[in-house]
Amino acid sequence: MADKKIVVQSSLGMLWFAGWLFTLGYLQLGFFKGILALLLWPYYIGVDLGAGG
């Protein structure tokens, strides 16, 4: 059983990154506000999706 390796491949990370870059460009955020958006954007997405959309 120790021989088996499970690999999960998903493009959701790339989709998230593309959405984050779009958000930075759309809102015309600077570097430091972009870093703040990197931390806060996933939280608000999770709250919205967790509430049933």
# chains A, B, ... in the order shown; residues from 1 in each chain; ligands from 1
$ residues_around --residues "Leu24 in chain A" --least-positions-apart "3" --cutoff "12 Å" --atoms "only C-alpha atoms" --output "PyMOL selection string"
chain A and resi 17-21+27-38+41
$ write_last_selection --atoms "C-alpha atoms" --output "PDB file, in the first residue's frame"
ATOM      1  CA  PHE A  17      -4.343  33.167 -10.808  1.00  0.00           C
ATOM      2  CA  ALA A  18      -5.875  34.457 -14.048  1.00  0.00           C
ATOM      3  CA  GLY A  19      -8.847  35.834 -12.111  1.00  0.00           C
ATOM      4  CA  TRP A  20      -6.529  37.526  -9.648  1.00  0.00           C
ATOM      5  CA  LEU A  21      -4.532  39.139 -12.455  1.00  0.00           C
ATOM      6  CA  LEU A  27      -9.235  47.786 -10.532  1.00  0.00           C
ATOM      7  CA  GLN A  28      -5.904  49.362 -11.574  1.00  0.00           C
ATOM      8  CA  LEU A  29      -4.298  48.418  -8.273  1.00  0.00           C
ATOM      9  CA  GLY A  30      -0.703  49.195  -7.409  1.00  0.00           C
ATOM     10  CA  PHE A  31       1.800  46.704  -6.034  1.00  0.00           C
ATOM     11  CA  PHE A  32       0.924  46.886  -2.338  1.00  0.00           C
ATOM     12  CA  LYS A  33      -2.813  46.976  -2.949  1.00  0.00           C
ATOM     13  CA  GLY A  34      -2.302  44.012  -5.285  1.00  0.00           C
ATOM     14  CA  ILE A  35      -0.659  42.050  -2.480  1.00  0.00           C
ATOM     15  CA  LEU A  36      -3.562  42.951  -0.200  1.00  0.00           C
ATOM     16  CA  ALA A  37      -5.960  41.777  -2.927  1.00  0.00           C
ATOM     17  CA  LEU A  38      -4.012  38.518  -3.126  1.00  0.00           C
ATOM     18  CA  TRP A  41      -9.830  38.101  -2.767  1.00  0.00           C
TER      19      TRP A  41
END
$ atom_distance --atom1 "CA of Tyr43 in chain A" --atom2 "CA of Ser10 in chain A"
20.3 Å
$ select_by_dssp --residues "chain A" --states "helix (DSSP H, G or I)" --output "ChimeraX atom specification"
/A:12-27,31-50
$ atom_distance --atom1 "CA of Asp48 in chain A" --atom2 "CA of Tyr26 in chain A"
19.9 Å
